[in-house]
Structure formats: structure tokens, C-alpha cells
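Beneath this line is the structure, given in C-alpha cells, with notes to follow.
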Amino acid sequence: MRTTSFALLAAVVLALSFACGESAPPPEPEAEPEAANPNEQFAGAWTLVRSERRDADGELIGEPREDRVGYIMYDPSGYMGVTLMSNDREPYSEGGPTAEEALAQMGSYASYFGRFSVNEEEGYVTHHLEGSLNPDGAGSDYRRYYTIEGDTLRLQPPASEDGSRSYITWQRQPDLPGAELTDTHGRLFGVYRVESVTRQTSDGEPVEADQYETAYIMYAPSGHMSVHLMRPDRMPYAGDEPTADEALATVLSYGSYFGPFSVNEEEAYLVHHRVGNEDPGQSGTDAQRFFELTDTHLTLRPPAATDDEGREVQSTILWARISD
């Protein structure tokens, strides 16, 4: 009888609850979806298609340039690098470059690297230069208005005083097919900043090594890569254009190259197939790099070389991963 009374009381309470309009607590609100990363639309390696210049009315000035090769590479974590090279560059003389040769090559190769940020509302991307072949460029911000249509990227710097504009068109390169990917590829893709350079003889004797102020090496999922190396204590040009001596100092204190890369898993080396190189005599050559790869660092070693004293010397460059 006691049990029955409790059951009746529970039924009455339940009925009163419904009568008073009470109901089960509302479901928890769904979490707001994370905003899309605007960097993702730029991600990957893009190859140069052409550049052109138009006046304030949009009329073409001269013929579009299609005689240069180059990459612009963006990592979604916010790092970028650009390399541009003319096709008609002459190699330096043996033992060069001379100051005159360096000056003659000014403008035939461009390279810079750093972070980037995107202003979607106003339609521009800003390249924040950490380093540049042009010593006046390091520390600068380059604004580029952009349009992206499929796999075509069009960048335009701000207009000149006369209203004319430059337009640079790039084509995104597709990711490597799964059949060509190794385990190393998946772990390697990303951006690395130089941490140290060491050298030692085959007997283990340390050899003095020049260090870099900053440097990036970038590996893209398309199988393309670029290198940007900048020495410390570079001086800006005294005037608007470099002198021959300033041009020589520029090329001797900066290195850069770009191209596809391949992986030899069995023997643990990479090959950088250098389509372009700041040193014109090195364009079209391959650079072998033995590697060690962890979650945080990449170690690269070129084949040992003989120095001026006849010793076999091994160089090692340690890179720290900076991309996510």
C-alpha cells in the first residue's frame, strides 16, 4: 500500500509539471565552427606564368613577360618565399664573380622570404620580409592585392604615381600523387629556419664555419622546394642603384635556389633539382643532401668536399621546423 501511494504521488507530480508547462532542459548549444584560415587559399607552390604592366586605364604597356621562371611558396602556418629568375643569365667567369659580373646580373634574379598575412576584406596579402637578396628589402612589408580563380593566383603591387600597375600571374602546382609519396615526404613538408652550420674533417677535427643570420628551406606537397640563405652584417646600398662593389657584396652574402626535389629512402638522401640558382652557373644542377629528420629538426649534409688545405671536410646544416 505504501509503494502504491508513492507511485500515485509521483504520477501526480509529473502531471502537474506538464500542466505548468515545464519541460526537459534545452539541449546544449552547438559550438561555433572555427573560422576558416585565410592562409589556406594560398597554400602550396605556385610557378610563374607571366608578368605584365598596365596603365591607369588598364591598357597594356609593352608585351607581357613570359621569359622568366620562378616559384612563390606559401605555407598555411604563415610563412612564404619567392624566387624569380631570367632565362638568359650568363655564368660567372672561373673564380668569379667579379664586381662587374655581379653588377651585370643585378635584376636577373630575385629572392625574399618571411611571414605573410591576409586581409580578406580589402583583398590583399602582405609579405613581411625577414630576408631578401636586395639588402634594402629585409624588414620591409610588401603589399600585394590578389585574386584567386581556381589554381590561378594574380598578384599586383600598389599602383605607381602615374596610376600604372604590375600584374604577376602564378599557377598552383598539384600535390604529388599518393603513389609517389614516401614516408619521408609526409614528414618533410613544411618550413625550416637555419639553426647552425658546423664543419669537421674526416678525422673529427672541428673547422670554422661561417654562420647565417637567417635562412629558410621550404618543401611543398607538390614536390617543389626553395632555399633562401642570408649572411649577417649586410649593408644597404648607398644610392638608388648598387655600385659594382655593392653588387658583389650582395651576391657573396646571399644564396638561393629552387626546383623540384626527390627522396631516396633507402640511402637517406634528398636531391634538390635546381631549376634556378642565384649563382647562374649552378642553375640546372642537382644538389645531393643526406638527411636526418625528427619532429622538430632537419639535418642536411652535402657530400664531403676537399678544402684549400687538402682536407676532406664534412659540412652539416641544422634546421629547426617553424611551420605547424
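Note on naming: chains are A, B, ... as they come in the C-alpha cells, residues start from 1 per chain, ligands start from 1 in the order shown.
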>> I'd like to know which residues of segment 140-291 of chain A are helix (DSSP H, G or I) (by DSSP, run on the backbone); could you write them as number ranges by chain?
In response: A: 178-180, 183-188, 244-252, 280-282
Output the selection as an mmCIF file, in the first residue's frame - C-alpha atoms for each residue.
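Output below, filename again-v9.cif:
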```
data_model
loop_
_atom_site.group_PDB
_atom_site.id
_atom_site.type_symbol
_atom_site.label_atom_id
_atom_site.label_comp_id
_atom_site.auth_asym_id
_atom_site.auth_seq_id
_atom_site.Cartn_x
_atom_site.Cartn_y
_atom_site.Cartn_z
ATOM 1 C CA GLY A 178 49.910 9.207 -53.442
ATOM 2 C CA ALA A 179 51.855 6.618 -55.426
ATOM 3 C CA GLU A 180 54.917 8.919 -55.423
ATOM 4 C CA ASP A 183 57.101 8.308 -45.533
ATOM 5 C CA THR A 184 59.771 11.000 -45.624
ATOM 6 C CA HIS A 185 57.699 13.232 -47.921
ATOM 7 C CA GLY A 186 54.843 13.421 -45.447
ATOM 8 C CA ARG A 187 57.167 14.249 -42.548
ATOM 9 C CA LEU A 188 59.302 16.681 -44.544
ATOM 10 C CA ALA A 244 79.816 47.201 -58.676
ATOM 11 C CA ASP A 245 81.380 46.618 -55.265
ATOM 12 C CA GLU A 246 77.972 46.730 -53.576
ATOM 13 C CA ALA A 247 76.603 44.240 -56.099
ATOM 14 C CA LEU A 248 79.490 41.874 -55.380
ATOM 15 C CA ALA A 249 78.924 42.145 -51.630
ATOM 16 C CA THR A 250 75.241 41.399 -52.215
ATOM 17 C CA VAL A 251 75.731 38.143 -54.129
ATOM 18 C CA LEU A 252 78.517 36.925 -51.838
ATOM 19 C CA PRO A 280 73.863 31.434 -62.682
ATOM 20 C CA GLY A 281 76.413 28.669 -63.206
ATOM 21 C CA GLN A 282 74.543 26.390 -60.793
#
```
> Could you pull the residues within 7 Å of Phe116 of chain A, counting only C-alpha atoms, minus those fewer than 4 positions along the same chain, as a PyMOL selection string?
Replying inline: chain A and resi 78-80+125-128
>> Give me, as a VMD selection string, all polymer residues having an atom no more than 10 Å from segment 61-67 of chain A, counting only C-alpha atoms and skipping those fewer than 5 positions away in the same chain.
In response: chain A and resid 48 to 55 85 to 88 164 to 168
Keeping only N, CA and C atoms, write those residues as an mmCIF file, in the first residue's frame.
```cif
data_model
loop_
_atom_site.group_PDB
_atom_site.id
_atom_site.type_symbol
_atom_site.label_atom_id
_atom_site.label_comp_id
_atom_site.auth_asym_id
_atom_site.auth_seq_id
_atom_site.Cartn_x
_atom_site.Cartn_y
_atom_site.Cartn_z
ATOM 1 N N LEU A 48 55.611 30.667 -61.826
ATOM 2 C CA LEU A 48 55.370 31.904 -62.561
ATOM 3 C C LEU A 48 54.837 31.607 -63.957
ATOM 4 N N VAL A 49 53.795 32.322 -64.339
ATOM 5 C CA VAL A 49 53.238 32.213 -65.687
ATOM 6 C C VAL A 49 53.677 33.403 -66.538
ATOM 7 N N ARG A 50 53.414 34.606 -66.059
ATOM 8 C CA ARG A 50 53.790 35.816 -66.802
ATOM 9 C C ARG A 50 53.676 37.026 -65.882
ATOM 10 N N SER A 51 54.272 38.118 -66.322
ATOM 11 C CA SER A 51 54.097 39.403 -65.658
ATOM 12 C C SER A 51 53.795 40.445 -66.725
ATOM 13 N N GLU A 52 53.013 41.433 -66.354
ATOM 14 C CA GLU A 52 52.643 42.467 -67.309
ATOM 15 C C GLU A 52 52.419 43.776 -66.564
ATOM 16 N N ARG A 53 52.389 44.863 -67.322
ATOM 17 C CA ARG A 53 52.169 46.182 -66.741
ATOM 18 C C ARG A 53 51.087 46.899 -67.537
ATOM 19 N N ARG A 54 50.165 47.556 -66.830
ATOM 20 C CA ARG A 54 49.069 48.270 -67.468
ATOM 21 C C ARG A 54 48.985 49.689 -66.930
ATOM 22 N N ASP A 55 48.518 50.600 -67.796
ATOM 23 C CA ASP A 55 48.412 51.990 -67.376
ATOM 24 C C ASP A 55 47.144 52.208 -66.557
ATOM 25 N N MET A 85 63.728 34.272 -61.723
ATOM 26 C CA MET A 85 64.988 34.243 -62.454
ATOM 27 C C MET A 85 64.744 34.430 -63.938
ATOM 28 N N SER A 86 65.555 35.277 -64.566
ATOM 29 C CA SER A 86 65.530 35.404 -66.021
ATOM 30 C C SER A 86 66.212 34.190 -66.641
ATOM 31 N N ASN A 87 65.809 33.866 -67.863
ATOM 32 C CA ASN A 87 66.342 32.668 -68.507
ATOM 33 C C ASN A 87 67.681 32.896 -69.205
ATOM 34 N N ASP A 88 68.064 34.139 -69.430
ATOM 35 C CA ASP A 88 69.217 34.429 -70.280
ATOM 36 C C ASP A 88 70.445 34.832 -69.481
ATOM 37 N N SER A 164 49.835 53.446 -63.085
ATOM 38 C CA SER A 164 50.096 52.158 -63.736
ATOM 39 C C SER A 164 50.301 51.075 -62.684
ATOM 40 N N ARG A 165 50.043 49.847 -63.077
ATOM 41 C CA ARG A 165 50.141 48.713 -62.171
ATOM 42 C C ARG A 165 50.850 47.545 -62.836
ATOM 43 N N SER A 166 51.532 46.759 -61.995
ATOM 44 C CA SER A 166 52.114 45.493 -62.444
ATOM 45 C C SER A 166 51.201 44.353 -62.010
ATOM 46 N N TYR A 167 51.122 43.323 -62.830
ATOM 47 C CA TYR A 167 50.320 42.136 -62.528
ATOM 48 C C TYR A 167 51.205 40.914 -62.743
ATOM 49 N N ILE A 168 51.254 40.051 -61.747
ATOM 50 C CA ILE A 168 52.062 38.829 -61.841
ATOM 51 C C ILE A 168 51.134 37.634 -61.668
#
```
>> Based on the backbone DSSP call, show me all residues of segment 30-262 of chain A assigned strand (DSSP E or B), as a ChimeraX atom specification.
In response: /A:44-54,60,65,68-75,79-86,109-119,124-132,141-149,152-156,165-172,190-201,206-207,214-219,224-230,254-262
> Could you name the residues that touch segment 317-321 of chain A at 10 Å or less, counting only C-alpha atoms, but leaving out those on the same chain fewer than 2 positions away, as a ChimeraX atom specification?
Replying inline: /A:188-199,211,215-218,291-302,315,323-324
> If you measure from atom CA of Met230 of chain A to atom CA of Tyr109 of chain A, what distance in Å do you get, rounded to one decimal?
Replying inline: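 So the answer is 14.9 Å.
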> Closest to Ala305 of chain A among A:Gln41, A:Thr214, A:Ser202, A:Ser222, using only C-alpha atoms?
Replying inline: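 Using only C-alpha atoms, Ala305 of chain A sits closest to A:Ser202.
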> If you measure from atom CA of Gly284 of chain A to atom CA of Arg311 of chain A, what distance in Å do you get, rounded to one decimal?
Replying inline: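 So the answer is 28.3 Å.
Distance-wise, atom CA of Glu130 of chain A and atom CA of Glu213 of chain A end up 10.1 Å apart.
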>> Using only C-alpha atoms, which protein or nucleic acid residues come within 12 Å of Ala138 of chain A? Drop anything in the same chain fewer than 2 positions from it, and give the result as a list in words.
In response: Ser111, Tyr112, Phe113, Gly114, Arg115, His127, His128, Leu129, Glu130, Gly131, Ser132, Leu133, Asn134, Pro135, Asp136, Ser140, Asp141, Tyr142, Glu213, Thr214, Met230, Arg231, Pro232, Asp233, Arg234, Met235, Pro236 and Tyr254 of chain A
Those residues with N, CA and C atoms, as a CSV table (one decimal), in the first residue's frame please?
```csv
chain,number,residue,atom,x,y,z
A,111,SER,N,64.9,37.2,-54.8
A,111,SER,CA,64.6,36.3,-53.8
A,111,SER,C,64.3,37.0,-52.5
A,112,TYR,N,63.2,36.6,-51.8
A,112,TYR,CA,63.0,37.1,-50.5
A,112,TYR,C,62.1,36.1,-49.7
A,113,PHE,N,62.1,36.2,-48.4
A,113,PHE,CA,61.3,35.2,-47.6
A,113,PHE,C,60.9,35.9,-46.3
A,114,GLY,N,59.9,35.3,-45.6
A,114,GLY,CA,59.4,35.8,-44.3
A,114,GLY,C,58.1,35.2,-44.0
A,115,ARG,N,57.3,36.0,-43.3
A,115,ARG,CA,55.9,35.7,-42.9
A,115,ARG,C,55.0,36.4,-43.9
A,127,HIS,N,53.5,40.5,-47.5
A,127,HIS,CA,54.7,39.7,-47.3
A,127,HIS,C,55.6,40.5,-46.4
A,128,HIS,N,55.9,39.9,-45.2
A,128,HIS,CA,56.7,40.6,-44.2
A,128,HIS,C,58.1,40.0,-44.3
A,129,LEU,N,59.0,40.7,-44.9
A,129,LEU,CA,60.3,40.2,-45.3
A,129,LEU,C,61.3,40.1,-44.1
A,130,GLU,N,61.7,38.8,-43.9
A,130,GLU,CA,62.7,38.5,-42.9
A,130,GLU,C,64.1,38.6,-43.5
A,131,GLY,N,64.2,38.3,-44.8
A,131,GLY,CA,65.4,38.3,-45.6
A,131,GLY,C,65.1,38.6,-47.0
A,132,SER,N,66.2,39.1,-47.7
A,132,SER,CA,66.0,39.5,-49.1
A,132,SER,C,67.3,39.5,-49.8
A,133,LEU,N,67.4,39.1,-51.1
A,133,LEU,CA,68.6,39.3,-51.8
A,133,LEU,C,69.0,40.8,-51.9
A,134,ASN,N,68.1,41.6,-52.1
A,134,ASN,CA,68.3,43.0,-52.0
A,134,ASN,C,68.4,43.5,-50.6
A,135,PRO,N,69.6,43.9,-50.2
A,135,PRO,CA,69.8,44.2,-48.7
A,135,PRO,C,68.9,45.3,-48.2
A,136,ASP,N,68.3,46.1,-49.1
A,136,ASP,CA,67.4,47.2,-48.7
A,136,ASP,C,66.0,46.6,-48.3
A,140,SER,N,61.2,44.9,-44.7
A,140,SER,CA,60.1,45.6,-45.3
A,140,SER,C,58.8,44.8,-45.3
A,141,ASP,N,57.7,45.5,-45.6
A,141,ASP,CA,56.4,44.8,-45.8
A,141,ASP,C,56.0,45.1,-47.3
A,142,TYR,N,55.7,44.1,-48.0
A,142,TYR,CA,55.3,44.2,-49.4
A,142,TYR,C,53.8,43.9,-49.5
A,213,GLU,N,72.8,34.7,-40.8
A,213,GLU,CA,71.9,35.5,-39.9
A,213,GLU,C,70.5,34.9,-39.9
A,214,THR,N,70.0,34.5,-41.0
A,214,THR,CA,68.7,33.8,-41.1
A,214,THR,C,68.7,33.1,-42.4
A,230,MET,N,70.9,33.9,-45.9
A,230,MET,CA,71.3,35.3,-45.8
A,230,MET,C,72.4,35.4,-44.7
A,231,ARG,N,73.5,36.0,-45.1
A,231,ARG,CA,74.7,36.2,-44.1
A,231,ARG,C,74.4,37.4,-43.3
A,232,PRO,N,75.1,37.5,-42.1
A,232,PRO,CA,74.9,38.7,-41.3
A,232,PRO,C,75.7,39.9,-41.8
A,233,ASP,N,75.4,41.1,-41.2
A,233,ASP,CA,76.1,42.3,-41.4
A,233,ASP,C,76.1,42.8,-42.9
A,234,ARG,N,75.0,42.7,-43.5
A,234,ARG,CA,74.8,43.2,-44.9
A,234,ARG,C,74.5,44.7,-44.8
A,235,MET,N,75.0,45.4,-45.7
A,235,MET,CA,74.8,46.9,-45.8
A,235,MET,C,73.9,47.3,-46.9
A,236,PRO,N,73.0,48.2,-46.6
A,236,PRO,CA,72.1,48.7,-47.7
A,236,PRO,C,72.9,49.5,-48.7
A,254,TYR,N,74.5,36.2,-49.9
A,254,TYR,CA,73.1,35.7,-50.0
A,254,TYR,C,73.2,34.5,-51.0
```
> For Asn119 of chain A, which residue out of A:Ser160, A:Asn39, A:Thr152, A:Thr169 is the nearest one, using only C-alpha atoms?
Replying inline: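 Going through A:Ser160, A:Asn39, A:Thr152, A:Thr169 one by one, the smallest distance to Asn119 of chain A is for A:Asn39.
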